[in-house]
>>> print(open('my_file.cif').read())   # mmCIF, C-alpha atoms
data_target
#
loop_
_atom_site.label_atom_id
_atom_site.label_comp_id
_atom_site.auth_asym_id
_atom_site.auth_seq_id
_atom_site.Cartn_x
_atom_site.Cartn_y
_atom_site.Cartn_z
CA MET V 1 -4.41 -2.85 -17.68
CA THR V 2 -1.36 -4.15 -19.45
CA THR V 3 1.06 -6.47 -17.71
CA PRO V 4 4.23 -5.30 -15.94
CA GLY V 5 7.03 -4.62 -18.34
CA THR V 6 4.97 -3.11 -21.17
CA PRO V 7 7.26 -0.27 -22.29
CA THR V 8 4.56 2.36 -22.75
CA GLU V 9 2.65 2.01 -19.46
CA ASN V 10 4.24 0.14 -16.56
CA LEU V 11 7.93 0.91 -16.46
CA HIS V 12 7.99 1.15 -12.66
CA VAL V 13 5.52 -1.64 -11.75
CA THR V 14 7.18 -4.84 -10.56
CA THR V 15 4.18 -7.02 -9.58
CA PHE V 16 0.38 -7.12 -9.32
CA GLU V 17 -1.04 -8.96 -6.31
CA PRO V 18 -4.71 -9.95 -5.96
CA VAL V 19 -6.55 -8.72 -2.85
CA ILE V 20 -9.58 -10.18 -1.08
CA THR V 21 -12.85 -8.53 -2.20
CA PRO V 22 -15.15 -6.64 0.21
CA ARG V 23 -17.83 -9.30 -0.18
CA GLU V 24 -15.39 -12.14 0.56
CA LEU V 25 -14.15 -10.38 3.68
CA LYS V 26 -17.63 -9.52 4.97
CA THR V 27 -18.78 -13.08 4.33
CA ALA V 28 -15.83 -14.42 6.32
CA LEU V 29 -16.31 -11.84 9.11
CA PRO V 30 -19.94 -10.72 9.12
CA LEU V 31 -21.20 -7.90 11.32
CA THR V 32 -22.91 -9.46 14.34
CA ALA V 33 -26.20 -8.19 15.73
CA ARG V 34 -24.51 -6.87 18.88
CA ALA V 35 -21.79 -5.09 16.90
CA GLU V 36 -24.40 -3.55 14.60
CA ARG V 37 -26.33 -2.21 17.60
CA THR V 38 -23.13 -0.65 18.95
CA VAL V 39 -22.37 1.06 15.63
CA LEU V 40 -25.87 2.40 14.99
CA ALA V 41 -26.45 3.61 18.54
CA ALA V 42 -23.09 5.40 18.62
CA ARG V 43 -23.67 7.07 15.26
CA ASP V 44 -27.01 8.41 16.52
CA ALA V 45 -25.45 9.57 19.79
CA ILE V 46 -22.57 11.34 18.04
CA ARG V 47 -24.95 13.06 15.63
CA ALA V 48 -27.07 14.26 18.55
CA ILE V 49 -23.98 15.66 20.30
CA LEU V 50 -22.72 17.42 17.16
CA HIS V 51 -26.08 19.02 16.39
CA GLY V 52 -26.74 20.16 19.95
CA HIS V 53 -29.47 17.69 20.88
CA ASP V 54 -27.32 15.92 23.49
CA ASP V 55 -25.12 17.97 25.86
CA ARG V 56 -22.69 15.15 26.61
CA LEU V 57 -19.06 15.40 25.47
CA LEU V 58 -17.62 13.15 22.74
CA LEU V 59 -14.24 11.67 23.69
CA ILE V 60 -12.23 9.79 21.05
CA LEU V 61 -9.41 7.95 22.80
CA GLY V 62 -6.86 5.34 21.84
CA PRO V 63 -3.45 4.57 20.40
CA CYS V 64 -1.90 6.76 17.75
CA SER V 65 -1.91 3.59 15.65
CA ILE V 66 -2.76 -0.07 16.11
CA HIS V 67 0.08 -2.56 15.71
CA ASP V 68 -0.79 -5.35 18.19
CA GLU V 69 -4.32 -6.78 18.44
CA HIS V 70 -3.76 -8.16 21.96
CA ALA V 71 -2.73 -4.78 23.36
CA ALA V 72 -5.56 -3.09 21.44
CA LEU V 73 -8.13 -5.45 22.95
CA ASP V 74 -6.61 -5.00 26.41
CA TYR V 75 -7.07 -1.25 26.00
CA ALA V 76 -10.58 -1.75 24.57
CA HIS V 77 -11.73 -3.79 27.59
CA ARG V 78 -10.57 -1.02 29.93
CA LEU V 79 -12.16 1.72 27.85
CA ALA V 80 -15.44 -0.21 27.53
CA HIS V 81 -15.65 -0.49 31.31
CA LEU V 82 -14.92 3.22 31.69
CA ARG V 83 -17.51 4.03 29.03
CA GLU V 84 -20.23 2.28 31.01
CA ARG V 85 -19.37 4.19 34.18
CA THR V 86 -19.36 7.63 32.52
CA ARG V 87 -21.96 7.34 29.78
CA ASP V 88 -24.45 9.72 31.42
CA ARG V 89 -22.10 12.66 30.70
CA LEU V 90 -19.62 11.35 28.12
CA GLU V 91 -19.68 9.39 24.87
CA LEU V 92 -16.45 7.37 24.69
CA VAL V 93 -15.26 6.02 21.33
CA MET V 94 -12.02 4.12 20.69
CA ARG V 95 -9.44 5.25 18.15
CA VAL V 96 -8.65 2.24 15.97
CA TYR V 97 -6.28 3.86 13.50
CA VAL V 98 -4.87 1.33 11.03
CA GLU V 99 -3.61 3.51 8.17
CA LYS V 100 -0.80 6.03 8.62
CA PRO V 101 -0.24 8.92 6.21
CA ARG V 102 3.43 9.65 5.68
CA THR V 103 5.11 12.91 4.73
CA THR V 104 7.90 10.91 3.05
CA VAL V 105 8.32 7.22 3.95
CA GLY V 106 7.79 4.94 6.95
CA TRP V 107 5.55 2.18 8.27
CA ARG V 108 2.16 2.74 6.67
CA GLY V 109 0.03 1.06 9.30
CA PHE V 110 -1.45 -2.20 10.50
CA LEU V 111 -3.91 -2.56 7.63
CA THR V 112 -1.32 -2.01 4.91
CA ASP V 113 1.66 -3.76 6.51
CA PRO V 114 0.35 -5.97 9.35
CA HIS V 115 3.60 -7.95 9.71
CA MET V 116 5.61 -4.69 9.99
CA ASN V 117 8.22 -6.06 7.62
CA GLY V 118 7.50 -4.28 4.35
CA ALA V 119 5.64 -7.24 2.86
CA TYR V 120 2.43 -5.20 2.41
CA ASP V 121 0.16 -8.20 2.93
CA LEU V 122 -3.00 -6.17 2.42
CA SER V 123 -5.45 -9.09 2.42
CA THR V 124 -4.19 -10.20 5.84
CA GLY V 125 -4.24 -6.59 7.05
CA LEU V 126 -7.84 -6.17 5.97
CA HIS V 127 -8.83 -9.46 7.60
CA ARG V 128 -7.12 -8.70 10.90
CA THR V 129 -8.43 -5.13 10.94
CA ARG V 130 -12.03 -6.18 10.35
CA ALA V 131 -11.76 -8.93 12.97
CA LEU V 132 -10.35 -6.48 15.53
CA MET V 133 -12.95 -3.80 14.87
CA GLY V 134 -15.68 -6.40 15.11
CA ARG V 135 -14.45 -7.64 18.49
CA ILE V 136 -14.23 -4.10 19.85
CA ASN V 137 -17.79 -3.36 18.74
CA GLU V 138 -18.87 -6.62 20.38
CA LEU V 139 -17.73 -5.12 23.70
CA GLY V 140 -20.26 -2.33 23.23
CA LEU V 141 -17.41 0.07 22.47
CA PRO V 142 -17.73 2.08 19.23
CA VAL V 143 -14.86 2.42 16.76
CA ALA V 144 -13.34 5.55 15.20
CA THR V 145 -10.71 5.69 12.47
CA GLU V 146 -9.06 7.92 9.89
CA LEU V 147 -9.98 7.09 6.30
CA LEU V 148 -6.97 7.23 4.02
CA ASP V 149 -7.13 4.80 1.10
CA PRO V 150 -10.32 5.55 -0.90
CA PHE V 151 -11.07 1.84 -1.52
CA VAL V 152 -10.66 0.67 2.09
CA PRO V 153 -14.00 2.02 3.36
CA GLN V 154 -15.81 -0.57 1.25
CA TYR V 155 -14.33 -3.20 3.58
CA LEU V 156 -14.97 -1.38 6.88
CA PHE V 157 -17.86 1.13 6.53
CA ASP V 158 -20.31 -0.97 8.52
CA LEU V 159 -18.00 -1.14 11.57
CA LEU V 160 -17.38 2.58 12.01
CA ALA V 161 -19.24 4.93 14.33
CA TRP V 162 -17.05 7.91 13.41
CA GLY V 163 -14.46 8.71 10.78
CA CYS V 164 -12.18 11.58 9.88
CA LEU V 165 -9.95 13.03 7.22
CA GLY V 166 -6.49 13.96 8.43
CA ALA V 167 -4.52 17.15 7.94
CA ARG V 168 -2.74 15.75 4.86
CA THR V 169 -5.91 14.61 3.04
CA VAL V 170 -8.48 17.23 4.02
CA GLU V 171 -7.73 19.25 0.87
CA SER V 172 -8.01 16.21 -1.41
CA GLN V 173 -11.06 16.21 -3.68
CA THR V 174 -10.94 12.41 -3.81
CA HIS V 175 -11.25 12.18 -0.02
CA ARG V 176 -13.88 14.89 0.26
CA VAL V 177 -16.22 13.13 -2.15
CA MET V 178 -15.48 9.81 -0.44
CA ALA V 179 -16.58 11.42 2.86
CA SER V 180 -19.89 12.33 1.22
CA ALA V 181 -20.67 8.59 1.06
CA VAL V 182 -19.81 7.72 4.66
CA SER V 183 -22.84 6.81 6.78
CA ALA V 184 -21.06 7.85 9.99
CA PRO V 185 -20.32 11.40 11.17
CA MET V 186 -17.05 12.70 9.71
CA GLY V 187 -14.49 15.02 11.26
CA PHE V 188 -12.19 17.19 9.13
CA LYS V 189 -8.86 18.33 10.54
CA ASN V 190 -7.37 21.70 9.79
CA GLY V 191 -4.41 21.53 7.41
CA THR V 192 -0.83 21.00 8.52
CA GLY V 193 -0.20 24.68 7.81
CA GLY V 194 -2.93 25.56 10.31
CA SER V 195 -5.69 26.58 7.87
CA VAL V 196 -9.12 25.90 9.37
CA LYS V 197 -10.80 27.08 6.17
CA LEU V 198 -9.55 23.90 4.45
CA ALA V 199 -11.57 21.87 6.95
CA VAL V 200 -14.66 24.08 6.57
CA ASP V 201 -14.43 23.82 2.78
CA ALA V 202 -14.17 20.03 3.11
CA ILE V 203 -17.32 19.96 5.26
CA THR V 204 -19.13 21.98 2.60
CA ALA V 205 -17.92 19.69 -0.18
CA ALA V 206 -18.80 16.47 1.67
CA LYS V 207 -22.26 17.77 2.54
CA HIS V 208 -23.23 17.90 -1.14
CA PRO V 209 -24.08 15.00 -3.49
CA HIS V 210 -21.25 13.60 -5.57
CA ALA V 211 -20.37 10.84 -8.00
CA PHE V 212 -16.99 9.16 -7.77
CA PHE V 213 -14.99 6.16 -8.87
CA THR V 214 -14.65 3.20 -6.49
CA ILE V 215 -15.30 -0.55 -6.34
CA THR V 216 -18.36 -2.69 -5.63
CA GLU V 217 -18.63 -5.44 -3.03
CA ASP V 218 -17.19 -7.77 -5.67
CA ALA V 219 -14.30 -5.37 -6.42
CA ARG V 220 -15.67 -4.34 -9.81
CA ALA V 221 -14.97 -0.78 -10.90
CA CYS V 222 -18.03 1.44 -10.55
CA ILE V 223 -19.33 4.98 -10.13
CA VAL V 224 -21.05 5.68 -6.80
CA HIS V 225 -23.63 8.45 -6.46
CA THR V 226 -23.98 9.95 -2.99
CA SER V 227 -26.51 12.15 -1.22
CA GLY V 228 -23.90 13.95 0.92
CA ASN V 229 -22.87 13.72 4.58
CA PRO V 230 -24.68 16.24 6.83
CA ASP V 231 -22.64 15.44 9.95
CA GLY V 232 -19.28 17.06 9.18
CA HIS V 233 -17.38 18.94 11.88
CA VAL V 234 -14.00 20.61 12.36
CA ILE V 235 -11.13 19.06 14.29
CA LEU V 236 -8.59 21.59 15.55
CA ARG V 237 -5.14 19.97 15.71
CA GLY V 238 -2.81 22.95 15.50
CA GLY V 239 -0.43 23.58 12.64
CA THR V 240 2.86 25.11 11.59
CA PRO V 241 2.10 28.42 13.38
CA GLY V 242 1.41 26.54 16.64
CA PRO V 243 -1.57 25.34 18.71
CA ASN V 244 -5.14 26.43 17.94
CA PHE V 245 -7.18 25.14 20.89
CA ASP V 246 -7.37 28.50 22.70
CA ALA V 247 -10.65 30.43 23.09
CA HIS V 248 -9.75 32.92 20.35
CA SER V 249 -9.05 30.14 17.82
CA VAL V 250 -12.26 28.35 18.78
CA ALA V 251 -14.27 31.58 18.28
CA ASP V 252 -12.64 32.13 14.87
CA THR V 253 -13.55 28.56 13.89
CA GLU V 254 -17.15 29.10 15.00
CA ALA V 255 -17.33 32.19 12.81
CA LEU V 256 -15.95 30.34 9.77
CA LEU V 257 -18.48 27.53 10.22
CA ARG V 258 -21.42 29.92 10.61
CA ALA V 259 -20.32 31.98 7.60
CA ALA V 260 -20.32 28.77 5.52
CA GLY V 261 -23.82 27.90 6.73
CA HIS V 262 -22.80 25.08 9.08
CA HIS V 263 -23.80 24.38 12.67
CA PRO V 264 -20.69 25.15 14.76
CA ALA V 265 -19.40 21.76 15.90
CA ILE V 266 -15.75 21.54 16.92
CA LEU V 267 -13.52 18.79 18.31
CA VAL V 268 -10.06 19.49 19.67
CA ASP V 269 -7.21 17.06 19.03
CA CYS V 270 -4.99 17.27 22.12
CA SER V 271 -2.00 15.82 20.26
CA HIS V 272 0.00 16.87 17.18
CA ALA V 273 0.73 20.59 16.93
CA ASN V 274 -1.67 21.41 19.80
CA SER V 275 0.69 19.59 22.17
CA ARG V 276 3.78 20.65 20.19
CA SER V 277 4.41 16.90 19.69
CA ASP V 278 4.94 16.44 23.45
CA HIS V 279 2.51 13.75 24.62
CA THR V 280 2.66 14.97 28.21
CA ARG V 281 1.19 18.33 27.13
CA GLN V 282 -2.03 16.67 25.98
CA ALA V 283 -3.34 16.95 29.55
CA HIS V 284 -2.86 20.74 29.46
CA VAL V 285 -4.84 21.01 26.20
CA TRP V 286 -7.55 18.70 27.57
CA ARG V 287 -8.08 20.74 30.73
CA ASP V 288 -8.04 24.07 28.90
CA VAL V 289 -10.78 22.91 26.53
CA LEU V 290 -12.83 21.53 29.42
CA GLN V 291 -12.68 24.92 31.12
CA GLN V 292 -13.82 26.62 27.90
CA ARG V 293 -16.72 24.21 27.73
CA ALA V 294 -17.58 24.80 31.40
CA ARG V 295 -17.64 28.55 30.71
CA GLY V 296 -20.33 27.98 28.10
CA THR V 297 -18.59 27.39 24.76
CA THR V 298 -21.14 24.88 23.50
CA SER V 299 -19.56 24.64 20.04
CA LEU V 300 -16.84 22.48 21.66
CA LYS V 301 -18.37 19.05 21.19
CA GLY V 302 -15.46 16.77 22.03
CA LEU V 303 -11.81 15.94 22.51
CA MET V 304 -9.35 13.52 20.95
CA LEU V 305 -6.48 11.94 22.89
CA GLU V 306 -3.59 9.72 21.82
CA SER V 307 -3.43 7.15 24.58
CA HIS V 308 -2.12 3.62 25.06
CA LEU V 309 -1.57 1.16 27.89
CA HIS V 310 1.86 2.62 28.67
CA PRO V 311 3.23 6.11 28.01
CA GLY V 312 5.70 7.21 25.36
CA LYS V 313 6.72 5.52 22.14
CA GLN V 314 9.26 3.00 20.87
CA PRO V 315 11.12 2.55 17.59
CA LEU V 316 10.27 -0.29 15.26
CA THR V 317 12.73 -3.08 16.00
CA PRO V 318 14.47 -5.33 13.46
CA ALA V 319 12.45 -8.37 12.39
CA GLY V 320 12.26 -11.04 15.07
CA GLN V 321 12.98 -8.76 18.03
CA PRO V 322 10.09 -8.19 20.45
CA LEU V 323 8.41 -4.85 20.99
CA GLN V 324 7.41 -3.47 24.36
CA TYR V 325 3.80 -4.41 25.11
CA GLY V 326 1.26 -1.60 24.98
CA VAL V 327 3.68 1.12 23.84
CA SER V 328 3.07 3.14 20.66
CA VAL V 329 5.31 2.64 17.62
CA THR V 330 4.26 5.95 16.04
CA ASP V 331 3.41 9.12 18.01
CA ALA V 332 4.06 9.08 21.75
CA CYS V 333 0.91 8.46 23.81
CA LEU V 334 -0.27 9.02 27.34
CA GLY V 335 -0.50 5.87 29.47
CA TRP V 336 -3.72 4.35 30.75
CA THR V 337 -3.43 5.74 34.30
CA ASP V 338 -3.25 9.33 33.04
CA THR V 339 -5.96 8.66 30.46
CA GLU V 340 -8.39 7.36 33.05
CA ALA V 341 -7.72 10.37 35.28
CA LEU V 342 -8.43 12.77 32.41
CA VAL V 343 -11.72 11.03 31.58
CA TRP V 344 -12.82 11.36 35.20
CA ASP V 345 -11.70 14.99 35.12
CA ALA V 346 -14.00 15.56 32.15
CA TYR V 347 -16.82 13.73 33.92
CA GLU V 348 -16.52 15.91 37.03
CA THR V 349 -16.16 19.14 35.04
CA LEU V 350 -19.42 18.44 33.19
CA GLN V 351 -21.57 18.05 36.30
#
>>> encode(input="my_file.cif", output="structure tokens")
Amino acid sequence: MTTPGTPTENLHVTTFEPVITPRELKTALPLTARAERTVLAARDAIRAILHGHDDRLLLILGPCSIHDEHAALDYAHRLAHLRERTRDRLELVMRVYVEKPRTTVGWRGFLTDPHMNGAYDLSTGLHRTRALMGRINELGLPVATELLDPFVPQYLFDLLAWGCLGARTVESQTHRVMASAVSAPMGFKNGTGGSVKLAVDAITAAKHPHAFFTITEDARACIVHTSGNPDGHVILRGGTPGPNFDAHSVADTEALLRAAGHHPAILVDCSHANSRSDHTRQAHVWRDVLQQRARGTTSLKGLMLESHLHPGKQPLTPAGQPLQYGVSVTDACLGWTDTEALVWDAYETLQ
């Protein structure tokens, strides 16, 4: 590539900044034996749930986004303890979302902008993200995240028990072929307009072999050939027309999956359009889906919940001013007390 300022190519580029390579990061923060056991066991458990070989319910819980490692680890310790007490009926996985897609502009997440000041110190963000995910896996608590930047998975693949494509990227060919390379089960959200077919098409695409452009462990450009990901599933999150967690919407999603030749595996996201962006309504969605499951809708394999230590959300403050501990800086979340009660509600419902 030519340098910034070359008239024909880089009129709008101001700087190029080097970034740590995947190999350098993994050498500095290797996957421990205990963390590896957590990842592999959770991947197997999630696959078994999705394909109907395990009748437990998959619950993916955690902050809308990570911005404070201390609060994230506080939450992780609580969730790990709850996971141990409920593991005979539930498979609990922690949301560790570090990249935020934006409709226009805004804070792009802990990995991209860890100092929350617009400096975009990506090497530090990658280092702190990998360290955090490693520590959470060390607790015996598996990690889930949304995959946004197509090069980032090279740094984090080995730490993830579950991944997903969000409503804004599910239609992207780049992300669909990336998902075909992921070793973990992948969820695909319906589009922001509400289309579930976009998610089903993404599952079909990711299930097939592909070749795509990425980087090696040493950050050299390369073409990767994949065998396809057989563990795709739909995540219903509502859309512009409104929520889609009701029994009729679930049945329609089952039909779309079967028509495309897929095993009907569905997760429901209790937040976003399903809660009409009101975090307190997540409990209503949660309980409705549990009742559907109790009535025999076995295609409902799990639930997602945006949850933090304390309820609500807070605005990003000017540099140097403290944030409230354990409160989301993106979407509003349920607090820990309500989260714990909902997990026990699921546990009792699945007797």
>>> residues_around(input="my_file.cif", residues="Ala33 of chain V", least_positions_apart="4", cutoff="12 Å", atoms="only C-alpha atoms", output="list in words")
Arg37, Thr38, Val39, Leu40, Gly134, Asn137, Glu138, Gly140, Asp158 and Leu159 of chain V
>>> resolve_selection(input="my_file.cif", expression="the PyMOL selection byres ((chain V and resi 144-147) around 7)", output="VMD selection string")
chain V and resid 93 to 97 142 to 143 148 to 149 160 to 166
>>> atom_distance(input="my_file.cif", atom1="atom CA of Asn190 of chain V", atom2="atom CA of Leu92 of chain V")
22.6 Å
>>> resolve_selection(input="my_file.cif", expression="the PyMOL selection byres ((chain V and resi 176) around 10)", output="ChimeraX atom specification")
/V:165,169-175,177-181,188,199,201-208,210
>>> resolve_selection(input="my_file.cif", expression="the PyMOL selection byres ((chain V and resi 257) around 12)", output="short mmCIF file (atom, residue, chain, number, x, y, z; two decimals) with C-alpha atoms, keeping the file's coordinate frame")
data_model
loop_
_atom_site.label_atom_id
_atom_site.label_comp_id
_atom_site.auth_asym_id
_atom_site.auth_seq_id
_atom_site.Cartn_x
_atom_site.Cartn_y
_atom_site.Cartn_z
CA VAL V 196 -9.12 25.90 9.37
CA LYS V 197 -10.80 27.08 6.17
CA LEU V 198 -9.55 23.90 4.45
CA ALA V 199 -11.57 21.87 6.95
CA VAL V 200 -14.66 24.08 6.57
CA ASP V 201 -14.43 23.82 2.78
CA ALA V 202 -14.17 20.03 3.11
CA ILE V 203 -17.32 19.96 5.26
CA THR V 204 -19.13 21.98 2.60
CA GLY V 232 -19.28 17.06 9.18
CA HIS V 233 -17.38 18.94 11.88
CA VAL V 234 -14.00 20.61 12.36
CA ILE V 235 -11.13 19.06 14.29
CA VAL V 250 -12.26 28.35 18.78
CA ALA V 251 -14.27 31.58 18.28
CA ASP V 252 -12.64 32.13 14.87
CA THR V 253 -13.55 28.56 13.89
CA GLU V 254 -17.15 29.10 15.00
CA ALA V 255 -17.33 32.19 12.81
CA LEU V 256 -15.95 30.34 9.77
CA ARG V 258 -21.42 29.92 10.61
CA ALA V 259 -20.32 31.98 7.60
CA ALA V 260 -20.32 28.77 5.52
CA GLY V 261 -23.82 27.90 6.73
CA HIS V 262 -22.80 25.08 9.08
CA HIS V 263 -23.80 24.38 12.67
CA PRO V 264 -20.69 25.15 14.76
CA ALA V 265 -19.40 21.76 15.90
CA ILE V 266 -15.75 21.54 16.92
CA SER V 299 -19.56 24.64 20.04
#
>>> atom_distance(input="my_file.cif", atom1="atom CA of Ser307 of chain V", atom2="atom CA of Val268 of chain V")
14.8 Å
>>> residues_around(input="my_file.cif", residues="Ala80 of chain V", least_positions_apart="3", cutoff="7 Å", atoms="only C-alpha atoms", output="PyMOL selection string")
chain V and resi 76-77+83-84+139-141
>>> closest_residue(input="my_file.cif", among="V:Ala346, V:Leu82, V:Leu305, V:Val152", to="Thr112 of chain V", atoms="only C-alpha atoms")
V:Val152
>>> residues_around(input="my_file.cif", residues="Asp113 of chain V", least_positions_apart="4", cutoff="10 Å", atoms="only C-alpha atoms", output="list in words")
His67, Val98, Glu99, Trp107, Arg108, Gly109, Asn117, Gly118, Ala119, Tyr120, Asp121, Leu122, Ser123, Thr124, Gly125 and Leu126 of chain V
>>> write_last_selection(input="my_file.cif", atoms="C-alpha atoms", output="CSV table (one decimal), in the coordinates of the input")
chain,number,residue,atom,x,y,z
V,67,HIS,CA,0.1,-2.6,15.7
V,98,VAL,CA,-4.9,1.3,11.0
V,99,GLU,CA,-3.6,3.5,8.2
V,107,TRP,CA,5.6,2.2,8.3
V,108,ARG,CA,2.2,2.7,6.7
V,109,GLY,CA,0.0,1.1,9.3
V,117,ASN,CA,8.2,-6.1,7.6
V,118,GLY,CA,7.5,-4.3,4.4
V,119,ALA,CA,5.6,-7.2,2.9
V,120,TYR,CA,2.4,-5.2,2.4
V,121,ASP,CA,0.2,-8.2,2.9
V,122,LEU,CA,-3.0,-6.2,2.4
V,123,SER,CA,-5.4,-9.1,2.4
V,124,THR,CA,-4.2,-10.2,5.8
V,125,GLY,CA,-4.2,-6.6,7.0
V,126,LEU,CA,-7.8,-6.2,6.0
>>> closest_residue(input="my_file.cif", among="V:Arg130, V:Asp288, V:His279, V:Arg102", to="Ala28 of chain V", atoms="all atoms listed in the file")
V:Arg130
>>> closest_residue(input="my_file.cif", among="V:Leu309, V:Val224, V:Leu57, V:Leu334", to="Ser277 of chain V", atoms="all atoms listed in the file")
V:Leu334
>>> atom_distance(input="my_file.cif", atom1="atom CA of Glu91 of chain V", atom2="atom CA of Leu156 of chain V")
21.5 Å
>>> closest_residue(input="my_file.cif", among="V:Asp68, V:Asp269, V:Ala294, V:Pro63", to="Pro322 of chain V", atoms="only C-alpha atoms")
V:Asp68
>>> closest_residue(input="my_file.cif", among="V:Pro241, V:Gly62, V:Pro114, V:Pro22", to="Met304 of chain V", atoms="only C-alpha atoms")
V:Gly62
>>> closest_residue(input="my_file.cif", among="V:Ser183, V:Thr15, V:Thr330, V:Ser65", to="Asp44 of chain V", atoms="only C-alpha atoms")
V:Ser183
>>> build_atoms(input="my_file.cif", residues="segment 192-210 of chain V", atoms="N, CA and C atoms", output="PDB file, keeping the file's coordinate frame")
ATOM      1  N   THR V 192      -2.093  20.981   7.775  1.00  0.00           N
ATOM      2  CA  THR V 192      -0.830  21.000   8.520  1.00  0.00           C
ATOM      3  C   THR V 192      -0.289  22.410   8.659  1.00  0.00           C
ATOM      4  N   GLY V 193      -0.622  23.292   7.721  1.00  0.00           N
ATOM      5  CA  GLY V 193      -0.200  24.680   7.810  1.00  0.00           C
ATOM      6  C   GLY V 193      -1.029  25.503   8.782  1.00  0.00           C
ATOM      7  N   GLY V 194      -2.090  24.886   9.333  1.00  0.00           N
ATOM      8  CA  GLY V 194      -2.930  25.560  10.310  1.00  0.00           C
ATOM      9  C   GLY V 194      -4.248  26.074   9.768  1.00  0.00           C
ATOM     10  N   SER V 195      -4.475  26.012   8.459  1.00  0.00           N
ATOM     11  CA  SER V 195      -5.690  26.580   7.870  1.00  0.00           C
ATOM     12  C   SER V 195      -6.937  25.807   8.288  1.00  0.00           C
ATOM     13  N   VAL V 196      -7.836  26.496   8.987  1.00  0.00           N
ATOM     14  CA  VAL V 196      -9.120  25.900   9.370  1.00  0.00           C
ATOM     15  C   VAL V 196     -10.094  25.969   8.194  1.00  0.00           C
ATOM     16  N   LYS V 197      -9.896  26.945   7.331  1.00  0.00           N
ATOM     17  CA  LYS V 197     -10.800  27.080   6.170  1.00  0.00           C
ATOM     18  C   LYS V 197     -10.763  25.830   5.291  1.00  0.00           C
ATOM     19  N   LEU V 198      -9.608  25.154   5.212  1.00  0.00           N
ATOM     20  CA  LEU V 198      -9.550  23.900   4.450  1.00  0.00           C
ATOM     21  C   LEU V 198     -10.551  22.891   5.003  1.00  0.00           C
ATOM     22  N   ALA V 199     -10.640  22.801   6.330  1.00  0.00           N
ATOM     23  CA  ALA V 199     -11.570  21.870   6.950  1.00  0.00           C
ATOM     24  C   ALA V 199     -13.013  22.289   6.699  1.00  0.00           C
ATOM     25  N   VAL V 200     -13.295  23.596   6.811  1.00  0.00           N
ATOM     26  CA  VAL V 200     -14.660  24.080   6.570  1.00  0.00           C
ATOM     27  C   VAL V 200     -15.058  23.846   5.116  1.00  0.00           C
ATOM     28  N   ASP V 201     -14.145  24.086   4.199  1.00  0.00           N
ATOM     29  CA  ASP V 201     -14.430  23.820   2.780  1.00  0.00           C
ATOM     30  C   ASP V 201     -14.698  22.328   2.554  1.00  0.00           C
ATOM     31  N   ALA V 202     -13.956  21.474   3.253  1.00  0.00           N
ATOM     32  CA  ALA V 202     -14.170  20.030   3.110  1.00  0.00           C
ATOM     33  C   ALA V 202     -15.547  19.626   3.632  1.00  0.00           C
ATOM     34  N   ILE V 203     -15.981  20.229   4.738  1.00  0.00           N
ATOM     35  CA  ILE V 203     -17.320  19.960   5.260  1.00  0.00           C
ATOM     36  C   ILE V 203     -18.374  20.340   4.225  1.00  0.00           C
ATOM     37  N   THR V 204     -18.189  21.520   3.623  1.00  0.00           N
ATOM     38  CA  THR V 204     -19.130  21.980   2.600  1.00  0.00           C
ATOM     39  C   THR V 204     -19.166  21.016   1.419  1.00  0.00           C
ATOM     40  N   ALA V 205     -17.984  20.600   0.962  1.00  0.00           N
ATOM     41  CA  ALA V 205     -17.920  19.690  -0.180  1.00  0.00           C
ATOM     42  C   ALA V 205     -18.584  18.356   0.134  1.00  0.00           C
ATOM     43  N   ALA V 206     -18.278  17.786   1.306  1.00  0.00           N
ATOM     44  CA  ALA V 206     -18.800  16.470   1.670  1.00  0.00           C
ATOM     45  C   ALA V 206     -20.304  16.491   1.936  1.00  0.00           C
ATOM     46  N   LYS V 207     -20.825  17.656   2.243  1.00  0.00           N
ATOM     47  CA  LYS V 207     -22.260  17.770   2.540  1.00  0.00           C
ATOM     48  C   LYS V 207     -23.109  17.672   1.280  1.00  0.00           C
ATOM     49  N   HIS V 208     -22.495  17.894   0.120  1.00  0.00           N
ATOM     50  CA  HIS V 208     -23.230  17.900  -1.140  1.00  0.00           C
ATOM     51  C   HIS V 208     -23.177  16.531  -1.829  1.00  0.00           C
ATOM     52  N   PRO V 209     -24.119  16.250  -2.723  1.00  0.00           N
ATOM     53  CA  PRO V 209     -24.080  15.000  -3.490  1.00  0.00           C
ATOM     54  C   PRO V 209     -22.885  14.971  -4.430  1.00  0.00           C
ATOM     55  N   HIS V 210     -22.393  13.771  -4.675  1.00  0.00           N
ATOM     56  CA  HIS V 210     -21.250  13.600  -5.570  1.00  0.00           C
ATOM     57  C   HIS V 210     -21.389  12.273  -6.317  1.00  0.00           C
TER      58      HIS V 210
END
